[in-house]
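Trainee: Next up is a structure, given as structure tokens.
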Amino acid sequence: MTNVLVCIKRVPDAAGEVLLTPDEQALDARFVGFTVSAHENCAVELAVRIAGDTNNGSAGTATVLSLGPAETVEQLRAALGVGATAAVLIEADPVGYGPADIAREIAAVVHAHQAEGKTYDLILLGNDAADTGDFQVGIRLAYQLGRPVVNGVRTVEVTDGVATAHGDGIDGVETYTVPLPAVITVLEGGVEPRYPTITGRMKAKKTKIETVAPRRQPHGPQRVRLTLPPAQPSTVDVLGEGPDAAAAVVDLLQRLGVAR
């Protein structure tokens, strides 16, 4: 049995145009919806698989946690809909929280649950925050809890109290083994996140979400500012009109290797 805690973050959906707030401290979410990152969707999938694996005895639990506003229940219920068994919301404005603050608040929840008799063998996080690019929370959380940490892996399995993680390295696939309890951050691409079923959605609506207040005042992100990458140039080549363009189209297809 493996009890897993998976941490997610409510972030603006960056599928369209990305804008910054006037103070350049966060993404402007006024005109977009919200989601979680692909990294975290894969982390949720891994958490559900590991918790449900009965090869290590009976099935464990997969608890999803997030620090954010009250609206974050939408993302928590989405995780419940694909198999997470419980959810925790640390209700706070995430803009005022840096990686060290977030790691401390997650650790406080872990310690509080441990005092109540609920322990987490494995903690999974996305490799980085989709909105601010922070890579620090997993490492800082592991330090707070005194646990080993592995970063940037794509798959994780647990056998006999040992987590085996696989990730891409310079010379190919790298494999890491760490004893539980441990902290691991996940990159997208190793697993295919499942879609919620109707039964899963109905169950998620009925699941009570534990809501807690932050334990301490945050120090803040200590961030100077965010910047956007330069816009990619977009050009259009007109090959011609009507039959007169046929020769140019054939030439282009040959240069692309599509036609000979």
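Scheme for the structure tokens: letters A, B, ... for chains in order shown; per-chain residue numbers from 1; ligand numbers from 1 in order shown.
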Once DSSP has gone over the backbone, tell me which residues of range 9-228 of chain A are in strand (DSSP E or B), as a PyMOL selection string.
Mentor: chain A and resi 11-12+20+27+34-35+62-68+86-91+122-126+149-153+155-159+162-169+172-179+182-186+210-212
Trainee: Could you pull the residues within 6 Å of range 165-182 of chain A, counting only C-alpha atoms, minus those fewer than 3 positions along the same chain, as a list in words?
Mentor: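 The filter keeps Asp121, Leu122, Arg147, Pro148, Val149, Val153, Arg154, Thr155, Val156, Gly161 and Val162 of chain A.
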Trainee: Please extract the residues of range 4-216 of chain A with a backbone DSSP assignment of helix (DSSP H, G or I) and present them as a count of residues only.
Mentor: 68
Trainee: May I have the residues within 10 Å of range 76-82 of chain A as JSON, numbers by chain, using only C-alpha atoms and disregarding those fewer than 6 positions away in the same chain?
Mentor: {"A": [6, 7, 8, 9, 10, 35, 36, 40, 41, 44, 45, 48, 62, 63, 64, 65, 66, 88, 89, 193, 194, 195, 196, 197, 198, 199, 200, 201, 202, 203, 204, 205, 206, 207, 208, 209]}
Trainee: Counting only C-alpha atoms, which residue out of A:Ala129, A:Val95, A:Ala84, A:Ala100 sits closest to Tyr143 in chain A?
Mentor: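 Closest to Tyr143 in chain A of all the choices is A:Ala100.
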Trainee: Pick from A:Leu124, A:Leu67, A:Leu19, A:Val183: nearest to Ile139 in chain A, with only C-alpha atoms counted?
Mentor: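 Among the listed residues, the smallest separation from Ile139 in chain A belongs to A:Val183.
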Trainee: So that I can see what lies close to Gly52 in chain A, please list as a short mmCIF file (atom, residue, chain, number, x, y, z; two decimals) with all heavy atoms, in the first residue's frame the residues with an atom at most 12 Å from it, counting only C-alpha atoms and leaving out residues fewer than 2 positions away in the same chain.
Mentor:
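Wrote it out as out_13.cif, contents follow:
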```cif
data_model
loop_
_atom_site.label_atom_id
_atom_site.label_comp_id
_atom_site.auth_asym_id
_atom_site.auth_seq_id
_atom_site.Cartn_x
_atom_site.Cartn_y
_atom_site.Cartn_z
N MET A 1 0.84 -1.20 0.00
CA MET A 1 0.00 0.00 0.00
C MET A 1 0.87 1.24 0.00
O MET A 1 1.78 1.37 0.82
CB MET A 1 -0.93 0.02 1.23
CG MET A 1 -1.83 1.23 1.29
SD MET A 1 -2.99 1.18 2.68
CE MET A 1 -1.85 1.44 4.05
N THR A 2 0.61 2.15 -0.92
CA THR A 2 1.37 3.39 -1.01
C THR A 2 0.42 4.57 -0.97
O THR A 2 -0.47 4.70 -1.83
CB THR A 2 2.20 3.45 -2.31
OG1 THR A 2 3.01 2.29 -2.41
CG2 THR A 2 3.08 4.68 -2.32
N ASN A 3 0.59 5.44 0.01
CA ASN A 3 -0.21 6.65 0.11
C ASN A 3 0.55 7.79 -0.56
O ASN A 3 1.71 8.06 -0.21
CB ASN A 3 -0.51 6.99 1.56
CG ASN A 3 -1.41 5.96 2.22
OD1 ASN A 3 -2.26 5.35 1.56
ND2 ASN A 3 -1.23 5.75 3.51
N VAL A 4 -0.10 8.45 -1.51
CA VAL A 4 0.57 9.46 -2.33
C VAL A 4 -0.10 10.81 -2.13
O VAL A 4 -1.34 10.91 -2.10
CB VAL A 4 0.53 9.08 -3.83
CG1 VAL A 4 1.37 10.06 -4.64
CG2 VAL A 4 1.01 7.65 -4.03
N GLU A 45 -1.84 11.49 -12.70
CA GLU A 45 -2.00 10.15 -13.28
C GLU A 45 -1.10 9.14 -12.57
O GLU A 45 -1.54 8.03 -12.23
CB GLU A 45 -1.71 10.19 -14.77
CG GLU A 45 -1.74 8.83 -15.46
CD GLU A 45 -3.09 8.17 -15.44
OE1 GLU A 45 -4.11 8.87 -15.35
OE2 GLU A 45 -3.14 6.92 -15.52
N LEU A 46 0.15 9.52 -12.35
CA LEU A 46 1.07 8.61 -11.66
C LEU A 46 0.61 8.34 -10.23
O LEU A 46 0.69 7.21 -9.75
CB LEU A 46 2.48 9.20 -11.66
CG LEU A 46 3.24 9.14 -12.98
CD1 LEU A 46 4.51 9.98 -12.90
CD2 LEU A 46 3.59 7.70 -13.34
N ALA A 47 0.12 9.37 -9.55
CA ALA A 47 -0.35 9.20 -8.18
C ALA A 47 -1.50 8.21 -8.11
O ALA A 47 -1.55 7.33 -7.24
CB ALA A 47 -0.78 10.55 -7.60
N VAL A 48 -2.45 8.33 -9.05
CA VAL A 48 -3.60 7.43 -9.07
C VAL A 48 -3.16 6.00 -9.36
O VAL A 48 -3.65 5.04 -8.74
CB VAL A 48 -4.63 7.92 -10.10
CG1 VAL A 48 -5.75 6.89 -10.28
CG2 VAL A 48 -5.22 9.26 -9.67
N ARG A 49 -2.23 5.84 -10.31
CA ARG A 49 -1.74 4.49 -10.64
C ARG A 49 -1.01 3.87 -9.46
O ARG A 49 -1.23 2.69 -9.13
CB ARG A 49 -0.80 4.56 -11.84
CG ARG A 49 -1.45 4.91 -13.15
CD ARG A 49 -0.45 4.79 -14.29
NE ARG A 49 -1.00 5.27 -15.55
CZ ARG A 49 -0.38 5.16 -16.73
NH1 ARG A 49 0.81 4.56 -16.78
NH2 ARG A 49 -0.93 5.63 -17.83
N ILE A 50 -0.12 4.63 -8.83
CA ILE A 50 0.68 4.07 -7.73
C ILE A 50 -0.21 3.72 -6.54
O ILE A 50 -0.07 2.66 -5.92
CB ILE A 50 1.78 5.07 -7.33
CG1 ILE A 50 2.81 5.21 -8.47
CG2 ILE A 50 2.48 4.63 -6.04
CD1 ILE A 50 3.78 6.37 -8.28
N THR A 54 -2.17 -2.76 -6.35
CA THR A 54 -2.34 -3.71 -5.24
C THR A 54 -1.22 -4.74 -5.17
O THR A 54 -1.26 -5.65 -4.32
CB THR A 54 -3.68 -4.44 -5.36
OG1 THR A 54 -3.75 -5.08 -6.64
CG2 THR A 54 -4.84 -3.47 -5.21
N ASN A 55 -0.20 -4.61 -6.03
CA ASN A 55 0.94 -5.52 -5.94
C ASN A 55 1.74 -5.31 -4.65
O ASN A 55 2.49 -6.18 -4.23
CB ASN A 55 1.86 -5.33 -7.15
CG ASN A 55 1.23 -5.85 -8.43
OD1 ASN A 55 0.47 -6.80 -8.40
ND2 ASN A 55 1.55 -5.20 -9.54
N ASN A 56 1.58 -4.11 -4.06
CA ASN A 56 2.26 -3.82 -2.79
C ASN A 56 1.33 -4.01 -1.60
O ASN A 56 1.52 -3.41 -0.55
CB ASN A 56 2.79 -2.38 -2.81
CG ASN A 56 3.86 -2.18 -3.86
OD1 ASN A 56 4.84 -2.90 -3.89
ND2 ASN A 56 3.67 -1.19 -4.73
N GLY A 57 0.31 -4.82 -1.77
CA GLY A 57 -0.67 -5.03 -0.70
C GLY A 57 -2.00 -4.44 -1.12
O GLY A 57 -2.36 -4.44 -2.30
N SER A 58 -2.75 -3.90 -0.19
CA SER A 58 -4.03 -3.26 -0.50
C SER A 58 -3.78 -1.91 -1.16
O SER A 58 -2.67 -1.36 -1.11
CB SER A 58 -4.86 -3.10 0.77
OG SER A 58 -4.14 -2.32 1.73
N ALA A 59 -4.81 -1.36 -1.78
CA ALA A 59 -4.69 -0.07 -2.45
C ALA A 59 -4.44 1.04 -1.43
O ALA A 59 -4.94 1.00 -0.30
CB ALA A 59 -5.95 0.22 -3.26
N GLY A 60 -3.67 2.03 -1.85
CA GLY A 60 -3.40 3.18 -0.99
C GLY A 60 -4.32 4.33 -1.33
O GLY A 60 -5.39 4.16 -1.92
N THR A 61 -3.90 5.54 -0.96
CA THR A 61 -4.70 6.74 -1.22
C THR A 61 -3.91 7.70 -2.09
O THR A 61 -2.67 7.71 -2.07
CB THR A 61 -5.08 7.44 0.10
OG1 THR A 61 -3.86 7.83 0.79
CG2 THR A 61 -5.90 6.54 0.99
N ALA A 62 -4.63 8.50 -2.86
CA ALA A 62 -4.02 9.55 -3.68
C ALA A 62 -4.70 10.86 -3.30
O ALA A 62 -5.85 11.11 -3.69
CB ALA A 62 -4.19 9.26 -5.16
N GLY A 83 -9.64 9.96 -10.25
CA GLY A 83 -9.21 8.89 -9.36
C GLY A 83 -8.57 9.28 -8.05
O GLY A 83 -8.31 8.40 -7.22
N ALA A 84 -8.26 10.55 -7.86
CA ALA A 84 -7.74 10.95 -6.55
C ALA A 84 -8.81 10.69 -5.50
O ALA A 84 -10.01 10.79 -5.77
CB ALA A 84 -7.34 12.43 -6.56
N THR A 85 -8.38 10.35 -4.28
CA THR A 85 -9.33 9.92 -3.26
C THR A 85 -9.67 10.99 -2.24
O THR A 85 -10.64 10.86 -1.50
CB THR A 85 -8.79 8.69 -2.53
OG1 THR A 85 -7.47 8.98 -2.02
CG2 THR A 85 -8.68 7.50 -3.48
N GLU A 157 7.59 4.05 -10.42
CA GLU A 157 6.95 2.84 -9.89
C GLU A 157 7.43 2.64 -8.45
O GLU A 157 8.51 3.09 -8.08
CB GLU A 157 7.31 1.60 -10.70
CG GLU A 157 7.02 1.70 -12.19
CD GLU A 157 8.21 2.13 -12.99
OE1 GLU A 157 9.36 1.81 -12.60
OE2 GLU A 157 8.03 2.83 -14.01
N VAL A 158 6.59 1.98 -7.67
CA VAL A 158 6.93 1.69 -6.27
C VAL A 158 6.86 0.19 -6.04
O VAL A 158 5.84 -0.44 -6.36
CB VAL A 158 6.00 2.44 -5.30
CG1 VAL A 158 6.25 1.99 -3.87
CG2 VAL A 158 6.18 3.94 -5.43
#
```
Trainee: Which one of A:Thr21, A:Gln217, A:Gln75, A:Gln232 sits closest to Phe34 in chain A if you count only C-alpha atoms?
Mentor: A:Gln75
Trainee: Mind dumping a table of every range 122-160 of chain A residue within 6 Å of range 102-111 of chain A, with the nearest atom pair and its distance in Å to one decimal, using only C-alpha atoms, sorted by chain and rising number, as a Markdown table?
Mentor:
```
| residue | atom | partner | partner_atom | distance |
| --- | --- | --- | --- | --- |
| A:Val137 | CA | A:Ala103 | CA | 5.4 |
| A:Arg140 | CA | A:Ala103 | CA | 5.9 |
| A:Leu141 | CA | A:Ala103 | CA | 4.7 |
```
Trainee: So which one's closest to Val212 in chain A, A:Leu5, A:Glu91, A:Asp160, A:Leu125? Using only C-alpha atoms, please.
Mentor: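 Looking at the shortest contact to Val212 in chain A, the residue is A:Glu91.
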Trainee: What separation in Å, quoted to one decimal, exists between CA of Lys118 in chain A and CA of Thr159 in chain A?
Mentor: 20.4 Å
